[in-house]
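structure37.cif (mmCIF, C-alpha atoms)
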data_query
loop_
_atom_site.label_atom_id
_atom_site.label_comp_id
_atom_site.auth_asym_id
_atom_site.auth_seq_id
_atom_site.Cartn_x
_atom_site.Cartn_y
_atom_site.Cartn_z
CA MET A 1 -5.34 92.42 134.83
CA GLY A 2 -1.92 94.06 135.00
CA TYR A 3 0.04 95.53 132.16
CA ASN A 4 2.73 93.15 130.87
CA LEU A 5 6.21 94.31 130.00
CA PRO A 6 8.16 93.10 126.97
CA GLU A 7 11.07 90.69 127.19
CA LEU A 8 14.68 91.64 126.51
CA LYS A 9 14.63 90.13 123.01
CA ALA A 10 11.55 92.08 121.98
CA VAL A 11 13.11 95.35 123.15
CA ALA A 12 16.48 94.58 121.57
CA ASP A 13 14.89 93.54 118.27
CA ASN A 14 12.81 96.72 118.24
CA LEU A 15 15.87 98.90 118.77
CA ASN A 16 17.91 96.97 116.22
CA GLY A 17 15.18 97.45 113.63
CA LEU A 18 14.93 101.15 114.26
CA LEU A 19 18.61 101.95 114.59
CA GLY A 20 19.79 99.59 111.87
CA GLN A 21 22.48 98.01 113.96
CA ALA A 22 22.71 95.63 116.86
CA VAL A 23 22.22 97.23 120.25
CA PRO A 24 23.85 94.89 122.76
CA LEU A 25 21.27 95.24 125.52
CA SER A 26 21.36 93.07 128.60
CA GLU A 27 18.86 92.72 131.40
CA ALA A 28 19.82 94.29 134.72
CA LYS A 29 19.44 92.44 137.98
CA ASP A 30 18.85 95.53 140.09
CA ALA A 31 16.42 98.42 139.87
CA PRO A 32 17.92 101.67 141.18
CA SER A 33 15.61 104.51 142.15
CA TRP A 34 15.09 107.34 139.70
CA ASP A 35 17.16 109.57 141.98
CA GLU A 36 20.03 107.08 141.90
CA LEU A 37 19.94 107.12 138.10
CA GLY A 38 20.33 110.90 138.05
CA CYS A 39 18.99 112.74 135.02
CA THR A 40 16.44 110.50 133.34
CA TYR A 41 13.89 110.92 130.58
CA ALA A 42 10.44 109.43 130.44
CA SER A 43 7.60 108.94 128.00
CA LEU A 44 4.28 108.12 129.56
CA CYS A 45 2.32 105.45 127.70
CA ILE A 46 -1.37 106.15 127.38
CA ASN A 47 -4.13 103.71 126.50
CA ASP A 48 -7.12 104.45 124.27
CA LYS A 49 -9.05 105.69 127.32
CA ASN A 50 -6.32 108.29 127.90
CA GLN A 51 -5.11 106.50 131.03
CA GLU A 52 -1.41 106.29 131.83
CA VAL A 53 -0.67 102.58 132.07
CA ALA A 54 3.07 102.34 131.52
CA ALA A 55 6.18 104.37 130.87
CA ILE A 56 9.50 104.08 129.11
CA LEU A 57 12.52 105.72 130.69
CA ALA A 58 16.21 106.13 129.99
CA ASP A 59 18.99 107.62 132.00
CA LEU A 60 21.28 110.14 130.36
CA PRO A 61 23.94 107.69 129.11
CA ALA A 62 21.34 105.37 127.58
CA ALA A 63 19.52 108.32 126.07
CA ILE A 64 22.74 109.58 124.50
CA ALA A 65 23.72 106.15 123.22
CA LEU A 66 20.32 105.45 121.66
CA ALA A 67 19.44 108.91 120.35
CA GLY A 68 22.99 109.33 119.09
CA ARG A 69 22.71 106.15 117.05
CA MET A 70 19.40 107.28 115.66
CA LEU A 71 20.98 110.55 114.53
CA MET A 72 24.07 108.64 113.35
CA LEU A 73 26.38 110.84 115.38
CA PRO A 74 30.09 110.03 115.44
CA GLN A 75 31.68 108.96 118.72
CA GLY A 76 33.24 112.39 119.18
CA ALA A 77 29.82 114.02 119.16
CA LEU A 78 28.50 111.41 121.58
CA ASP A 79 31.40 112.16 123.89
CA GLU A 80 30.48 115.85 123.80
CA HIS A 81 26.88 115.04 124.66
CA ALA A 82 28.11 112.88 127.54
CA ALA A 83 29.78 115.93 129.05
CA ALA A 84 26.53 117.92 129.02
CA PRO A 85 24.09 117.80 131.94
CA LYS A 86 21.09 117.03 129.76
CA LEU A 87 19.98 116.27 126.21
CA ASP A 88 19.68 119.02 123.65
CA GLU A 89 16.49 119.46 121.63
CA SER A 90 17.48 117.27 118.69
CA MET A 91 18.59 114.40 120.93
CA LEU A 92 15.39 114.66 122.95
CA ASP A 93 13.35 114.58 119.74
CA ALA A 94 15.21 111.46 118.62
CA LEU A 95 14.70 109.84 122.03
CA SER A 96 10.96 110.53 121.78
CA GLU A 97 10.88 108.68 118.50
CA ILE A 98 12.83 105.76 119.96
CA PHE A 99 10.33 105.54 122.82
CA ASN A 100 7.47 105.87 120.33
CA ASN A 101 8.86 102.97 118.34
CA LEU A 102 9.28 100.94 121.53
CA THR A 103 5.54 101.14 122.09
CA LYS A 104 5.33 98.55 119.32
CA ALA A 105 7.14 96.10 121.59
CA LEU A 106 4.69 96.89 124.41
CA ASN A 107 1.66 96.67 122.13
CA ARG A 108 2.78 93.28 120.84
CA VAL A 109 2.70 91.70 124.30
CA ALA A 110 -0.37 89.47 124.38
CA GLY A 111 -3.22 90.86 126.41
CA ASN A 112 -1.91 94.39 126.66
CA PRO A 113 -4.25 97.24 125.77
CA HIS A 114 -3.16 99.44 122.86
CA ILE A 115 -1.00 102.34 124.00
CA ARG A 116 0.73 105.33 122.48
CA SER A 117 3.58 107.32 123.97
CA ALA A 118 3.75 110.97 124.88
CA ALA A 119 6.84 112.96 124.02
CA ALA A 120 9.90 112.23 126.15
CA ARG A 121 10.57 114.72 128.92
CA GLN A 122 12.88 114.86 131.89
CA THR A 123 11.41 112.56 134.52
CA SER A 124 11.63 115.35 137.06
CA ASP A 125 9.16 117.29 134.90
CA VAL A 126 6.87 114.31 134.36
CA ALA A 127 6.84 112.91 137.90
CA PRO A 128 4.75 115.61 139.63
CA SER A 129 1.74 114.71 137.49
CA ALA A 130 2.56 111.00 137.34
CA SER A 131 3.27 110.17 140.96
CA TRP A 132 2.64 106.47 140.24
CA LEU A 133 6.16 106.39 138.73
CA GLY A 134 7.39 106.30 142.32
CA GLU A 135 5.56 103.06 143.02
CA VAL A 136 5.22 100.97 139.88
CA LYS A 137 3.64 97.50 139.76
CA ALA A 138 6.23 96.04 137.40
CA ARG A 139 9.57 97.15 136.08
CA ARG A 140 12.19 95.82 133.71
CA ASP A 141 15.66 97.33 133.46
CA PHE A 142 17.95 96.95 130.47
CA VAL A 143 21.60 97.96 130.34
CA THR A 144 23.14 99.76 127.38
CA PRO A 145 26.92 99.30 127.16
CA GLY A 146 29.30 102.19 127.65
CA VAL A 147 31.35 103.40 124.69
CA GLY A 148 33.99 106.13 124.82
CA ALA A 149 32.91 108.85 127.24
CA VAL A 150 29.34 107.58 127.24
CA ALA A 151 28.90 105.42 130.31
CA SER A 152 26.82 102.28 130.57
CA GLY A 153 23.18 103.30 130.83
CA ARG A 154 19.69 102.16 131.73
CA LEU A 155 16.61 101.75 129.58
CA VAL A 156 13.62 100.98 131.77
CA VAL A 157 10.02 100.00 131.09
CA VAL A 158 7.50 100.17 133.89
CA ALA A 159 3.84 99.29 134.35
CA ARG A 160 1.51 101.27 136.54
CA MET B 1 6.54 116.69 92.72
CA LYS B 2 5.51 118.31 96.01
CA VAL B 3 5.43 116.10 99.10
CA LEU B 4 4.10 117.17 102.49
CA LEU B 5 5.63 115.43 105.51
CA VAL B 6 3.60 115.74 108.71
CA ASP B 7 5.23 114.44 111.88
CA ASP B 8 5.81 116.00 115.28
CA SER B 9 9.36 114.67 115.21
CA ARG B 10 11.81 116.78 113.26
CA THR B 11 14.16 113.80 113.39
CA ILE B 12 11.65 111.63 111.56
CA ARG B 13 10.97 114.28 108.94
CA THR B 14 14.70 114.53 108.27
CA MET B 15 15.04 110.75 108.14
CA LEU B 16 12.10 110.50 105.75
CA LYS B 17 13.69 112.95 103.33
CA ARG B 18 16.88 110.93 103.46
CA THR B 19 14.89 107.73 102.86
CA PHE B 20 13.27 109.27 99.78
CA ARG B 21 16.73 109.83 98.36
CA GLN B 22 17.83 106.30 99.33
CA ALA B 23 14.77 104.99 97.50
CA GLY B 24 15.87 106.82 94.38
CA LEU B 25 12.99 109.30 94.59
CA ASP B 26 14.72 112.51 93.56
CA GLY B 27 13.52 115.89 92.38
CA ILE B 28 11.01 116.26 95.19
CA GLU B 29 10.07 119.52 96.81
CA PHE B 30 9.37 118.85 100.48
CA PHE B 31 7.10 120.77 102.79
CA GLU B 32 6.88 119.99 106.49
CA ALA B 33 4.38 120.32 109.31
CA GLY B 34 4.61 119.34 112.98
CA ASN B 35 1.00 118.25 113.53
CA GLY B 36 -2.30 117.86 111.74
CA LYS B 37 -3.35 121.44 112.31
CA GLU B 38 -0.18 122.72 110.68
CA GLY B 39 -0.68 120.07 108.02
CA VAL B 40 -4.10 121.44 107.05
CA ALA B 41 -2.58 124.89 106.62
CA ALA B 42 0.28 123.44 104.59
CA VAL B 43 -2.10 121.58 102.28
CA ASP B 44 -4.02 124.79 101.60
CA ALA B 45 -0.82 126.76 101.09
CA HIS B 46 1.19 124.34 98.97
CA LYS B 47 -1.29 121.95 97.33
CA PRO B 48 1.05 118.95 97.64
CA ASP B 49 0.91 116.00 95.24
CA LEU B 50 1.40 113.52 98.07
CA ILE B 51 0.97 113.59 101.85
CA LEU B 52 2.80 111.41 104.36
CA SER B 53 1.58 111.73 107.92
CA ASP B 54 2.32 110.32 111.34
CA TRP B 55 -0.64 109.01 113.33
CA ASN B 56 0.02 110.12 116.91
CA MET B 57 0.63 113.85 117.06
CA PRO B 58 -0.30 116.69 119.41
CA GLU B 59 -2.92 119.31 118.54
CA MET B 60 -4.47 117.25 115.74
CA ASN B 61 -3.63 113.60 115.14
CA GLY B 62 -3.13 112.00 111.75
CA LEU B 63 -6.63 110.59 111.43
CA GLU B 64 -8.22 113.93 112.24
CA PHE B 65 -5.86 115.54 109.75
CA LEU B 66 -6.89 113.07 107.06
CA LYS B 67 -10.56 113.75 107.74
CA GLU B 68 -9.95 117.51 107.42
CA VAL B 69 -8.08 117.05 104.15
CA ARG B 70 -10.83 114.91 102.65
CA ALA B 71 -13.60 117.18 104.01
CA SER B 72 -11.92 120.08 102.24
CA GLY B 73 -12.24 118.21 98.97
CA TYR B 74 -8.59 117.31 98.45
CA LYS B 75 -8.09 113.93 96.81
CA THR B 76 -4.31 114.08 97.31
CA PRO B 77 -2.81 110.61 97.87
CA PHE B 78 -2.44 110.28 101.64
CA GLY B 79 -0.35 107.73 103.47
CA PHE B 80 0.39 107.07 107.10
CA VAL B 81 3.93 106.55 108.30
CA THR B 82 3.41 105.18 111.74
CA THR B 83 4.27 102.71 114.46
CA GLU B 84 0.58 101.83 114.69
CA GLU B 85 0.09 98.24 113.55
CA GLY B 86 -3.48 97.59 114.63
CA VAL B 87 -5.98 96.33 112.11
CA GLN B 88 -8.60 98.66 113.59
CA HIS B 89 -6.39 101.69 113.03
CA LYS B 90 -5.80 100.76 109.42
CA ALA B 91 -9.47 100.05 108.82
CA ALA B 92 -10.46 103.42 110.29
CA ALA B 93 -7.87 105.17 108.15
CA ARG B 94 -8.98 103.38 104.99
CA THR B 95 -12.57 104.34 105.71
CA CYS B 96 -11.53 107.97 106.03
CA GLY B 97 -9.64 107.90 102.74
CA ALA B 98 -6.08 106.81 103.48
CA ASP B 99 -4.34 105.34 100.46
CA PHE B 100 -1.42 103.47 102.00
CA PHE B 101 0.59 102.70 105.13
CA VAL B 102 4.31 102.55 105.73
CA GLU B 103 5.45 101.11 109.00
CA LYS B 104 8.13 102.82 111.07
CA PRO B 105 11.03 102.36 110.97
CA VAL B 106 10.80 103.22 107.30
CA THR B 107 13.15 101.48 104.89
CA ALA B 108 13.92 102.72 101.40
CA GLU B 109 12.47 99.51 100.00
CA ALA B 110 9.18 99.86 101.87
CA LEU B 111 8.84 103.54 101.02
CA GLY B 112 9.62 102.97 97.35
CA ALA B 113 7.10 100.12 97.12
CA ALA B 114 4.37 102.10 98.88
CA LEU B 115 4.85 105.19 96.74
CA ALA B 116 5.40 103.49 93.38
CA PRO B 117 1.75 103.71 92.26
CA PHE B 118 1.62 107.42 93.05
CA MET B 119 5.02 108.36 91.69
CA ALA B 120 4.12 106.81 88.35
CA LYS B 121 1.01 109.03 88.12
CA SER B 122 2.78 112.26 89.01
#

Go ahead and render the structure in this file as structure tokens.
Amino acid sequence: MGYNLPELKAVADNLNGLLGQAVPLSEAKDAPSWDELGCTYASLCINDKNQEVAAILADLPAAIALAGRMLMLPQGALDEHAAAPKLDESMLDALSEIFNNLTKALNRVAGNPHIRSAAARQTSDVAPSASWLGEVKARRDFVTPGVGAVASGRLVVVAR
Amino acid sequence: MKVLLVDDSRTIRTMLKRTFRQAGLDGIEFFEAGNGKEGVAAVDAHKPDLILSDWNMPEMNGLEFLKEVRASGYKTPFGFVTTEEGVQHKAAARTCGADFFVEKPVTAEALGAALAPFMAKS
């Protein structure tokens, strides 16, 4: 039986609860390759048998938008992050916690095995040991809106 | 009152301290650890009055940390602050001596309610 991915509402509600404000997510119709998304971050989701069964990913704009909200950064600071090629340590730490919290949305899907998330890392660092990310069985893409210098971004959940 | 916060996320530890203040819990001396192993050392070093721990952490997870704390004879009130919602997780933690749970994301109201019995005793 395959791993089931959460619906848009479950993901949006989870983020709203964590970040304390509405995150206007929408579901994307397309599914660009990781290379097309550029710098992305991933947390592998591991079941109780220590098997990787899913992953949560975000491209840089989505990561900045979400982690920035978690850290309650002003727009000016978000704009500065948007000009950087990758997340700094505090933003990456915040993104890890956002992904960790999103595991609740995955765990709440009926029939799914319990999972926990590993710390978020750049997908390019994760991919060599998780080659299945290149050929996932299911994928759901969500769009985070652009604000200021932070472009519209992608939050993606995938099942192995 | 001395409170030990154990979480591999510095962001969460910072947010927890802020949530303590939002809950009106002032005058607290905080100590921090990034995993259970560091938590054990911090318990020995600081003898906290209360421990709040994450569940999923590298090196030593929260349940293993709790077991170590109890095996060392500490009866310090111990609560989990976690995304884990499973009944089995909570049952295992209770069996090992956990006193309470606070679900992430932590609100001031939930934290205040969970800690009220222990703050009154301190």

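With all atoms listed in the file taken into account, the protein and nucleic acid residues at most 10 Å from Glu7 of chain A (excluding it and anything under 3 positions from it in its own chain) are A:Asn4, A:Ala10, A:Val11, A:Ala12, A:Glu27, A:Ala105, A:Leu106, A:Val109, A:Arg140, A:Phe142.
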
*asked:* Quick check on the file I pasted: which residues fall under the PyMOL selection byres ((chain A) within 8 of (chain B))? Write them as a VMD selection string.
replied: chain A and resid 17 to 18 71 90 93 to 94 96 to 97 100 to 101 103 to 104 116

*Care to translate the PyMOL selection byres ((chain A and resi 26) around 9) into actual residues of this file, as a ChimeraX atom specification?*
/A:8,12,24-25,27-28,141-145

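Of the residues under consideration (B:Leu50, B:Val6, B:Thr95, B:Gln88), B:Val6 shows the shortest atom-to-atom contact distance to Glu38 of chain B when counting all atoms listed in the file.
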
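Across the chains present, the PyMOL selection byres ((chain B and resi 62-72) around 8) applied to this file returns Asn35, Gly36, Lys37, Gly39, Val40, Val43, Ser53, Asp54, Trp55, Asn56, Met57, Met60, Asn61, Gly73, Tyr74, Lys75, Phe78, Phe80, Ala93, Cys96, Gly97 and Ala98 of chain B.
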
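One finds atom CA of Leu5 of chain A at 15.7 Å from atom CA of Glu135 of chain A.
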
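As for atom CA of Asp49 of chain B and atom CA of Ala108 of chain B, they are spaced 19.6 Å apart.
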
Could you give me segment 99-110 of chain A completed to all heavy atoms, formatted as a PDB file, in the frame of the given file?
ATOM      1  N   PHE A  99      11.356 105.993 121.867  1.00  0.00           N
ATOM      2  CA  PHE A  99      10.330 105.540 122.820  1.00  0.00           C
ATOM      3  C   PHE A  99       9.020 105.235 122.072  1.00  0.00           C
ATOM      4  O   PHE A  99       8.336 104.254 122.376  1.00  0.00           O
ATOM      5  CB  PHE A  99      10.084 106.605 123.883  1.00  0.00           C
ATOM      6  CG  PHE A  99      11.177 106.724 124.912  1.00  0.00           C
ATOM      7  CD1 PHE A  99      11.193 107.774 125.813  1.00  0.00           C
ATOM      8  CD2 PHE A  99      12.192 105.789 124.999  1.00  0.00           C
ATOM      9  CE1 PHE A  99      12.184 107.894 126.778  1.00  0.00           C
ATOM     10  CE2 PHE A  99      13.199 105.892 125.958  1.00  0.00           C
ATOM     11  CZ  PHE A  99      13.190 106.955 126.857  1.00  0.00           C
ATOM     12  N   ASN A 100       8.683 106.101 121.124  1.00  0.00           N
ATOM     13  CA  ASN A 100       7.470 105.870 120.330  1.00  0.00           C
ATOM     14  C   ASN A 100       7.549 104.530 119.617  1.00  0.00           C
ATOM     15  O   ASN A 100       6.601 103.746 119.613  1.00  0.00           O
ATOM     16  CB  ASN A 100       7.314 107.013 119.314  1.00  0.00           C
ATOM     17  CG  ASN A 100       6.112 106.824 118.403  1.00  0.00           C
ATOM     18  OD1 ASN A 100       5.065 106.369 118.840  1.00  0.00           O
ATOM     19  ND2 ASN A 100       6.263 107.161 117.143  1.00  0.00           N
ATOM     20  N   ASN A 101       8.710 104.248 119.037  1.00  0.00           N
ATOM     21  CA  ASN A 101       8.860 102.970 118.340  1.00  0.00           C
ATOM     22  C   ASN A 101       8.809 101.798 119.312  1.00  0.00           C
ATOM     23  O   ASN A 101       8.305 100.724 118.973  1.00  0.00           O
ATOM     24  CB  ASN A 101      10.181 102.965 117.565  1.00  0.00           C
ATOM     25  CG  ASN A 101      10.187 101.928 116.462  1.00  0.00           C
ATOM     26  OD1 ASN A 101       9.420 102.020 115.516  1.00  0.00           O
ATOM     27  ND2 ASN A 101      11.038 100.923 116.592  1.00  0.00           N
ATOM     28  N   LEU A 102       9.313 102.010 120.532  1.00  0.00           N
ATOM     29  CA  LEU A 102       9.280 100.940 121.530  1.00  0.00           C
ATOM     30  C   LEU A 102       7.861 100.587 121.960  1.00  0.00           C
ATOM     31  O   LEU A 102       7.620  99.490 122.477  1.00  0.00           O
ATOM     32  CB  LEU A 102      10.117 101.322 122.758  1.00  0.00           C
ATOM     33  CG  LEU A 102      11.623 101.083 122.639  1.00  0.00           C
ATOM     34  CD1 LEU A 102      12.368 101.752 123.789  1.00  0.00           C
ATOM     35  CD2 LEU A 102      11.935  99.588 122.613  1.00  0.00           C
ATOM     36  N   THR A 103       6.925 101.485 121.737  1.00  0.00           N
ATOM     37  CA  THR A 103       5.540 101.140 122.090  1.00  0.00           C
ATOM     38  C   THR A 103       5.067  99.939 121.262  1.00  0.00           C
ATOM     39  O   THR A 103       4.167  99.225 121.679  1.00  0.00           O
ATOM     40  CB  THR A 103       4.555 102.318 121.867  1.00  0.00           C
ATOM     41  OG1 THR A 103       4.563 102.706 120.491  1.00  0.00           O
ATOM     42  CG2 THR A 103       4.895 103.489 122.765  1.00  0.00           C
ATOM     43  N   LYS A 104       5.686  99.726 120.108  1.00  0.00           N
ATOM     44  CA  LYS A 104       5.330  98.550 119.320  1.00  0.00           C
ATOM     45  C   LYS A 104       5.637  97.274 120.106  1.00  0.00           C
ATOM     46  O   LYS A 104       4.876  96.311 120.072  1.00  0.00           O
ATOM     47  CB  LYS A 104       6.089  98.523 117.987  1.00  0.00           C
ATOM     48  CG  LYS A 104       5.554  99.545 117.024  1.00  0.00           C
ATOM     49  CD  LYS A 104       6.132  99.587 115.644  1.00  0.00           C
ATOM     50  CE  LYS A 104       7.136  98.657 115.175  1.00  0.00           C
ATOM     51  NZ  LYS A 104       7.597  98.929 113.804  1.00  0.00           N
ATOM     52  N   ALA A 105       6.770  97.280 120.799  1.00  0.00           N
ATOM     53  CA  ALA A 105       7.140  96.100 121.590  1.00  0.00           C
ATOM     54  C   ALA A 105       6.146  95.908 122.744  1.00  0.00           C
ATOM     55  O   ALA A 105       5.811  94.766 123.100  1.00  0.00           O
ATOM     56  CB  ALA A 105       8.556  96.243 122.131  1.00  0.00           C
ATOM     57  N   LEU A 106       5.684  97.003 123.330  1.00  0.00           N
ATOM     58  CA  LEU A 106       4.690  96.890 124.410  1.00  0.00           C
ATOM     59  C   LEU A 106       3.342  96.450 123.853  1.00  0.00           C
ATOM     60  O   LEU A 106       2.654  95.622 124.452  1.00  0.00           O
ATOM     61  CB  LEU A 106       4.556  98.230 125.154  1.00  0.00           C
ATOM     62  CG  LEU A 106       5.576  98.493 126.265  1.00  0.00           C
ATOM     63  CD1 LEU A 106       6.969  98.740 125.714  1.00  0.00           C
ATOM     64  CD2 LEU A 106       5.152  99.678 127.121  1.00  0.00           C
ATOM     65  N   ASN A 107       2.965  97.012 122.707  1.00  0.00           N
ATOM     66  CA  ASN A 107       1.660  96.670 122.130  1.00  0.00           C
ATOM     67  C   ASN A 107       1.604  95.230 121.644  1.00  0.00           C
ATOM     68  O   ASN A 107       0.524  94.659 121.514  1.00  0.00           O
ATOM     69  CB  ASN A 107       1.337  97.621 120.971  1.00  0.00           C
ATOM     70  CG  ASN A 107       0.794  98.953 121.454  1.00  0.00           C
ATOM     71  OD1 ASN A 107       0.103  99.024 122.472  1.00  0.00           O
ATOM     72  ND2 ASN A 107       1.102 100.016 120.731  1.00  0.00           N
ATOM     73  N   ARG A 108       2.761  94.658 121.355  1.00  0.00           N
ATOM     74  CA  ARG A 108       2.780  93.280 120.840  1.00  0.00           C
ATOM     75  C   ARG A 108       2.690  92.240 121.959  1.00  0.00           C
ATOM     76  O   ARG A 108       2.533  91.049 121.676  1.00  0.00           O
ATOM     77  CB  ARG A 108       4.062  93.043 120.045  1.00  0.00           C
ATOM     78  CG  ARG A 108       4.024  93.695 118.673  1.00  0.00           C
ATOM     79  CD  ARG A 108       5.321  93.520 117.928  1.00  0.00           C
ATOM     80  NE  ARG A 108       5.258  94.127 116.604  1.00  0.00           N
ATOM     81  CZ  ARG A 108       6.292  94.215 115.782  1.00  0.00           C
ATOM     82  NH1 ARG A 108       7.470  93.739 116.133  1.00  0.00           N
ATOM     83  NH2 ARG A 108       6.162  94.790 114.598  1.00  0.00           N
ATOM     84  N   VAL A 109       2.827  92.662 123.210  1.00  0.00           N
ATOM     85  CA  VAL A 109       2.700  91.700 124.300  1.00  0.00           C
ATOM     86  C   VAL A 109       1.230  91.285 124.405  1.00  0.00           C
ATOM     87  O   VAL A 109       0.346  92.139 124.512  1.00  0.00           O
ATOM     88  CB  VAL A 109       3.167  92.314 125.638  1.00  0.00           C
ATOM     89  CG1 VAL A 109       2.946  91.327 126.785  1.00  0.00           C
ATOM     90  CG2 VAL A 109       4.634  92.719 125.555  1.00  0.00           C
ATOM     91  N   ALA A 110       1.002  89.985 124.372  1.00  0.00           N
ATOM     92  CA  ALA A 110      -0.370  89.470 124.380  1.00  0.00           C
ATOM     93  C   ALA A 110      -1.140  89.966 125.584  1.00  0.00           C
ATOM     94  O   ALA A 110      -0.632  89.954 126.709  1.00  0.00           O
ATOM     95  CB  ALA A 110      -0.330  87.946 124.362  1.00  0.00           C
TER      96      ALA A 110
END
